[in-house]
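Text of work.cif, listed as mmCIF, N, CA and C atoms:
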data_start
#
loop_
_atom_site.group_PDB
_atom_site.id
_atom_site.type_symbol
_atom_site.label_atom_id
_atom_site.label_comp_id
_atom_site.auth_asym_id
_atom_site.auth_seq_id
_atom_site.Cartn_x
_atom_site.Cartn_y
_atom_site.Cartn_z
ATOM 1 N N MET A 1 -74.563 36.761 85.632
ATOM 2 C CA MET A 1 -75.111 36.633 86.957
ATOM 3 C C MET A 1 -75.378 35.166 87.233
ATOM 4 N N PHE A 2 -75.177 34.775 88.442
ATOM 5 C CA PHE A 2 -75.333 33.386 88.843
ATOM 6 C C PHE A 2 -76.125 33.368 90.129
ATOM 7 N N GLY A 3 -77.008 32.430 90.320
ATOM 8 C CA GLY A 3 -77.799 32.379 91.538
ATOM 9 C C GLY A 3 -77.833 30.990 92.129
ATOM 10 N N LEU A 4 -77.852 30.933 93.436
ATOM 11 C CA LEU A 4 -77.996 29.681 94.170
ATOM 12 C C LEU A 4 -79.199 29.818 95.080
ATOM 13 N N THR A 5 -79.999 28.778 95.178
ATOM 14 C CA THR A 5 -81.113 28.799 96.111
ATOM 15 C C THR A 5 -81.116 27.512 96.908
ATOM 16 N N ASP A 6 -81.666 27.600 98.092
ATOM 17 C CA ASP A 6 -81.799 26.426 98.947
ATOM 18 C C ASP A 6 -83.143 26.541 99.645
ATOM 19 N N SER A 7 -83.966 25.524 99.559
ATOM 20 C CA SER A 7 -85.264 25.529 100.219
ATOM 21 C C SER A 7 -85.320 24.380 101.208
ATOM 22 N N TYR A 8 -85.962 24.629 102.318
ATOM 23 C CA TYR A 8 -86.144 23.564 103.287
ATOM 24 C C TYR A 8 -87.499 23.730 103.939
ATOM 25 N N ARG A 9 -88.056 22.636 104.412
ATOM 26 C CA ARG A 9 -89.389 22.641 104.994
ATOM 27 C C ARG A 9 -89.279 22.115 106.428
ATOM 28 N N ALA A 10 -89.784 22.890 107.368
ATOM 29 C CA ALA A 10 -89.734 22.501 108.783
ATOM 30 C C ALA A 10 -91.159 22.318 109.294
ATOM 31 N N GLY A 11 -91.908 21.403 108.699
ATOM 32 C CA GLY A 11 -93.254 21.119 109.146
ATOM 33 C C GLY A 11 -94.285 22.152 108.712
ATOM 34 N N GLY A 12 -93.873 23.178 108.008
ATOM 35 C CA GLY A 12 -94.812 24.205 107.579
ATOM 36 C C GLY A 12 -94.465 24.690 106.194
ATOM 37 N N LEU A 13 -94.562 25.980 106.009
ATOM 38 C CA LEU A 13 -94.218 26.562 104.719
ATOM 39 C C LEU A 13 -92.725 26.434 104.457
ATOM 40 N N ALA A 14 -92.370 26.302 103.210
ATOM 41 C CA ALA A 14 -90.954 26.207 102.846
ATOM 42 C C ALA A 14 -90.297 27.568 103.015
ATOM 43 N N GLU A 15 -89.108 27.565 103.576
ATOM 44 C CA GLU A 15 -88.311 28.769 103.692
ATOM 45 C C GLU A 15 -87.195 28.672 102.659
ATOM 46 N N SER A 16 -86.898 29.760 101.990
ATOM 47 C CA SER A 16 -85.882 29.741 100.946
ATOM 48 C C SER A 16 -84.804 30.766 101.222
ATOM 49 N N VAL A 17 -83.600 30.393 100.862
ATOM 50 C CA VAL A 17 -82.463 31.295 100.936
ATOM 51 C C VAL A 17 -81.932 31.419 99.518
ATOM 52 N N ALA A 18 -81.729 32.638 99.050
ATOM 53 C CA ALA A 18 -81.217 32.845 97.695
ATOM 54 C C ALA A 18 -79.956 33.691 97.757
ATOM 55 N N ILE A 19 -78.970 33.293 96.993
ATOM 56 C CA ILE A 19 -77.710 34.027 96.907
ATOM 57 C C ILE A 19 -77.459 34.313 95.438
ATOM 58 N N ASP A 20 -77.349 35.569 95.090
ATOM 59 C CA ASP A 20 -77.049 35.963 93.717
ATOM 60 C C ASP A 20 -75.732 36.715 93.702
ATOM 61 N N PHE A 21 -74.916 36.468 92.706
ATOM 62 C CA PHE A 21 -73.660 37.190 92.582
ATOM 63 C C PHE A 21 -73.274 37.261 91.113
ATOM 64 N N VAL A 22 -72.439 38.187 90.798
ATOM 65 C CA VAL A 22 -71.984 38.383 89.424
ATOM 66 C C VAL A 22 -70.657 37.665 89.249
ATOM 67 N N VAL A 23 -70.545 36.917 88.160
ATOM 68 C CA VAL A 23 -69.315 36.207 87.844
ATOM 69 C C VAL A 23 -68.638 36.927 86.686
ATOM 70 N N LEU A 24 -67.423 37.375 86.894
ATOM 71 C CA LEU A 24 -66.677 38.018 85.816
ATOM 72 C C LEU A 24 -66.116 36.944 84.897
ATOM 73 N N PRO A 25 -66.282 37.106 83.592
ATOM 74 C CA PRO A 25 -65.820 36.078 82.669
ATOM 75 C C PRO A 25 -64.291 35.948 82.650
ATOM 76 N N ASP A 26 -63.841 34.737 82.683
ATOM 77 C CA ASP A 26 -62.425 34.421 82.582
ATOM 78 C C ASP A 26 -62.315 33.341 81.509
ATOM 79 N N ARG A 27 -61.727 33.684 80.374
ATOM 80 C CA ARG A 27 -61.704 32.779 79.216
ATOM 81 C C ARG A 27 -61.140 31.398 79.561
ATOM 82 N N ALA A 28 -60.074 31.337 80.308
ATOM 83 C CA ALA A 28 -59.460 30.047 80.651
ATOM 84 C C ALA A 28 -60.396 29.205 81.523
ATOM 85 N N GLN A 29 -61.013 29.836 82.505
ATOM 86 C CA GLN A 29 -61.912 29.094 83.386
ATOM 87 C C GLN A 29 -63.175 28.648 82.651
ATOM 88 N N LEU A 30 -63.720 29.515 81.790
ATOM 89 C CA LEU A 30 -64.887 29.116 81.006
ATOM 90 C C LEU A 30 -64.536 27.965 80.060
ATOM 91 N N GLY A 31 -63.352 27.995 79.489
ATOM 92 C CA GLY A 31 -62.897 26.898 78.637
ATOM 93 C C GLY A 31 -62.792 25.596 79.414
ATOM 94 N N GLU A 32 -62.338 25.682 80.655
ATOM 95 C CA GLU A 32 -62.244 24.492 81.507
ATOM 96 C C GLU A 32 -63.623 23.919 81.804
ATOM 97 N N ILE A 33 -64.594 24.788 82.037
ATOM 98 C CA ILE A 33 -65.964 24.315 82.276
ATOM 99 C C ILE A 33 -66.491 23.599 81.037
ATOM 100 N N VAL A 34 -66.265 24.175 79.860
ATOM 101 C CA VAL A 34 -66.711 23.548 78.603
ATOM 102 C C VAL A 34 -66.086 22.164 78.459
ATOM 103 N N GLN A 35 -64.791 22.050 78.721
ATOM 104 C CA GLN A 35 -64.110 20.757 78.604
ATOM 105 C C GLN A 35 -64.669 19.734 79.587
ATOM 106 N N ARG A 36 -64.981 20.174 80.792
ATOM 107 C CA ARG A 36 -65.552 19.250 81.784
ATOM 108 C C ARG A 36 -66.940 18.779 81.372
ATOM 109 N N VAL A 37 -67.772 19.680 80.828
ATOM 110 C CA VAL A 37 -69.097 19.281 80.355
ATOM 111 C C VAL A 37 -68.959 18.294 79.205
ATOM 112 N N ARG A 38 -68.120 18.619 78.231
ATOM 113 C CA ARG A 38 -67.926 17.728 77.075
ATOM 114 C C ARG A 38 -67.352 16.382 77.482
ATOM 115 N N GLY A 39 -66.499 16.367 78.490
ATOM 116 C CA GLY A 39 -65.889 15.124 78.942
ATOM 117 C C GLY A 39 -66.736 14.338 79.927
ATOM 118 N N GLY A 40 -67.908 14.867 80.280
ATOM 119 C CA GLY A 40 -68.792 14.155 81.199
ATOM 120 C C GLY A 40 -68.411 14.279 82.658
ATOM 121 N N ARG A 41 -67.449 15.130 82.976
ATOM 122 C CA ARG A 41 -67.034 15.295 84.373
ATOM 123 C C ARG A 41 -67.859 16.340 85.114
ATOM 124 N N LEU A 42 -68.685 17.086 84.392
ATOM 125 C CA LEU A 42 -69.551 18.099 84.985
ATOM 126 C C LEU A 42 -70.926 17.939 84.360
ATOM 127 N N GLN A 43 -71.934 17.734 85.192
ATOM 128 C CA GLN A 43 -73.277 17.493 84.683
ATOM 129 C C GLN A 43 -74.271 18.403 85.394
ATOM 130 N N THR A 44 -75.348 18.724 84.699
ATOM 131 C CA THR A 44 -76.411 19.513 85.312
ATOM 132 C C THR A 44 -77.379 18.585 86.025
ATOM 133 N N ASN A 45 -78.136 19.142 86.942
ATOM 134 C CA ASN A 45 -79.142 18.384 87.670
ATOM 135 C C ASN A 45 -80.456 19.159 87.567
ATOM 136 N N ILE A 46 -81.062 19.124 86.380
ATOM 137 C CA ILE A 46 -82.289 19.865 86.122
ATOM 138 C C ILE A 46 -83.480 18.937 86.341
ATOM 139 N N GLY A 47 -84.356 19.336 87.239
ATOM 140 C CA GLY A 47 -85.532 18.533 87.542
ATOM 141 C C GLY A 47 -86.711 18.859 86.658
ATOM 142 N N GLN A 48 -86.952 20.149 86.447
ATOM 143 C CA GLN A 48 -88.062 20.564 85.605
ATOM 144 C C GLN A 48 -87.804 21.961 85.063
ATOM 145 N N VAL A 49 -88.396 22.233 83.911
ATOM 146 C CA VAL A 49 -88.338 23.553 83.293
ATOM 147 C C VAL A 49 -89.774 24.034 83.189
ATOM 148 N N VAL A 50 -90.048 25.214 83.760
ATOM 149 C CA VAL A 50 -91.411 25.755 83.754
ATOM 150 C C VAL A 50 -91.413 27.152 83.155
ATOM 151 N N THR A 51 -92.576 27.583 82.686
ATOM 152 C CA THR A 51 -92.710 28.946 82.185
ATOM 153 C C THR A 51 -92.848 29.897 83.367
ATOM 154 N N LEU A 52 -92.687 31.172 83.112
ATOM 155 C CA LEU A 52 -92.822 32.171 84.170
ATOM 156 C C LEU A 52 -94.225 32.127 84.769
ATOM 157 N N ASP A 53 -95.235 31.872 83.940
ATOM 158 C CA ASP A 53 -96.615 31.786 84.428
ATOM 159 C C ASP A 53 -96.816 30.641 85.423
ATOM 160 N N ASP A 54 -96.047 29.574 85.287
ATOM 161 C CA ASP A 54 -96.190 28.403 86.159
ATOM 162 C C ASP A 54 -95.177 28.373 87.301
ATOM 163 N N ALA A 55 -94.361 29.390 87.436
ATOM 164 C CA ALA A 55 -93.273 29.370 88.415
ATOM 165 C C ALA A 55 -93.765 29.280 89.854
ATOM 166 N N VAL A 56 -94.773 30.052 90.219
ATOM 167 C CA VAL A 56 -95.255 30.035 91.603
ATOM 168 C C VAL A 56 -95.747 28.646 91.969
ATOM 169 N N ALA A 57 -96.540 28.038 91.108
ATOM 170 C CA ALA A 57 -97.042 26.688 91.383
ATOM 171 C C ALA A 57 -95.903 25.677 91.473
ATOM 172 N N ALA A 58 -94.903 25.822 90.624
ATOM 173 C CA ALA A 58 -93.778 24.884 90.628
ATOM 174 C C ALA A 58 -92.999 24.942 91.935
ATOM 175 N N PHE A 59 -92.855 26.136 92.504
ATOM 176 C CA PHE A 59 -92.096 26.270 93.745
ATOM 177 C C PHE A 59 -92.940 26.018 94.989
ATOM 178 N N ASN A 60 -94.257 25.899 94.832
ATOM 179 C CA ASN A 60 -95.138 25.629 95.972
ATOM 180 C C ASN A 60 -95.632 24.195 96.016
ATOM 181 N N ARG A 61 -95.020 23.314 95.255
ATOM 182 C CA ARG A 61 -95.422 21.907 95.265
ATOM 183 C C ARG A 61 -95.122 21.271 96.608
ATOM 184 N N THR A 62 -95.924 20.293 96.972
ATOM 185 C CA THR A 62 -95.694 19.582 98.229
ATOM 186 C C THR A 62 -94.812 18.358 98.039
ATOM 187 N N GLU A 63 -94.818 17.775 96.834
ATOM 188 C CA GLU A 63 -93.957 16.607 96.598
ATOM 189 C C GLU A 63 -92.558 17.062 96.202
ATOM 190 N N ARG A 64 -91.588 16.254 96.535
ATOM 191 C CA ARG A 64 -90.193 16.564 96.202
ATOM 192 C C ARG A 64 -89.889 16.082 94.790
ATOM 193 N N ILE A 65 -89.078 16.860 94.092
ATOM 194 C CA ILE A 65 -88.587 16.433 92.788
ATOM 195 C C ILE A 65 -87.069 16.395 92.861
ATOM 196 N N SER A 66 -86.493 15.589 92.026
ATOM 197 C CA SER A 66 -85.039 15.505 91.967
ATOM 198 C C SER A 66 -84.541 16.546 90.973
ATOM 199 N N GLY A 67 -83.582 17.348 91.369
ATOM 200 C CA GLY A 67 -83.006 18.344 90.477
ATOM 201 C C GLY A 67 -83.551 19.735 90.726
ATOM 202 N N GLN A 68 -82.980 20.687 90.022
ATOM 203 C CA GLN A 68 -83.333 22.092 90.169
ATOM 204 C C GLN A 68 -84.464 22.475 89.222
ATOM 205 N N THR A 69 -85.277 23.416 89.666
ATOM 206 C CA THR A 69 -86.345 23.948 88.818
ATOM 207 C C THR A 69 -85.804 25.161 88.068
ATOM 208 N N ILE A 70 -85.967 25.145 86.769
ATOM 209 C CA ILE A 70 -85.523 26.238 85.911
ATOM 210 C C ILE A 70 -86.759 26.983 85.420
ATOM 211 N N VAL A 71 -86.777 28.299 85.601
ATOM 212 C CA VAL A 71 -87.873 29.124 85.095
ATOM 213 C C VAL A 71 -87.434 29.713 83.757
ATOM 214 N N GLN A 72 -88.155 29.342 82.710
ATOM 215 C CA GLN A 72 -87.840 29.809 81.367
ATOM 216 C C GLN A 72 -88.550 31.133 81.140
ATOM 217 N N ILE A 73 -87.770 32.191 80.930
ATOM 218 C CA ILE A 73 -88.325 33.528 80.741
ATOM 219 C C ILE A 73 -88.747 33.741 79.298
ATOM 220 N N ARG A 74 -87.932 33.308 78.369
ATOM 221 C CA ARG A 74 -88.193 33.451 76.927
ATOM 222 C C ARG A 74 -88.116 32.094 76.261
ATOM 223 N N SER A 75 -88.819 31.959 75.147
ATOM 224 C CA SER A 75 -88.727 30.682 74.424
ATOM 225 C C SER A 75 -87.796 30.799 73.252
#
Serialized structure, structure tokens:
Amino acid sequence: MFGLTDSYRAGGLAESVAIDFVVLPDRAQLGEIVQRVRGGRLQTNIGQVVTLDDAVAAFNRTERISGQTIVQIRS
């Protein structure tokens, strides 16, 4: 499963749009992704990693952070 989210603020509370979809594994395409990561042509943009207990606070911050927020379910 893969998810995309987009949040924007219009002078008030942040509104979020979330899109979730299932990706069927394709060995050749997954291999291409691995090669791109290893070759530095594909990079992640992770801003912060938070626990599930801290997720609400992390998404309700007023300051902007660079990168995506990752909620860690298990350690």
Kindly give the distance, in Å, that separates CA of Ser66 in chain A and CA of Leu30 in chain A, rounded to a single decimal.
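It comes out at 26.7 Å.
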Could you tell me how far CA of Asn45 in chain A sits from atom N of Val71 in chain A, in Å to one decimal place?
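Separating atom N of Val71 in chain A from CA of Asn45 in chain A is a distance of 12.7 Å.
For the atom pair formed by CA of Asp26 in chain A and CA of Ser75 in chain A, the distance is 27.8 Å, given to one decimal.
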Starting from the displayed file, determine the output of the PyMOL selection byres ((chain A and resi 51-57) around 6) and express the residue list as a PyMOL selection string.
chain A and resi 49-50+58-61+71-73
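The protein and nucleic acid residues lying at most 8 Å from Leu42 in chain A are Ile33, Gln35 and Arg36 of chain A, with all atoms listed in the file considered and sequence neighbours fewer than 6 positions away removed.
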Axis-aligned box for all listed atoms of range 47-51 of chain A, 6 Å per side, centre and edges in Å to one decimal, as lines of an AutoDock Vina configuration file:
center_x = -88.6
center_y = 24.2
center_z = 84.9
size_x = 20.5
size_y = 23.4
size_z = 17.4
Using the chain letters and numbers from this file, what does the PyMOL selection byres ((chain A and resi 46) around 5) select? Give the answer as a list in words.
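For this structure, the PyMOL selection byres ((chain A and resi 46) around 5) captures Thr44, Asn45, Gly47, Gln48, Gly67 and Gln68 of chain A.
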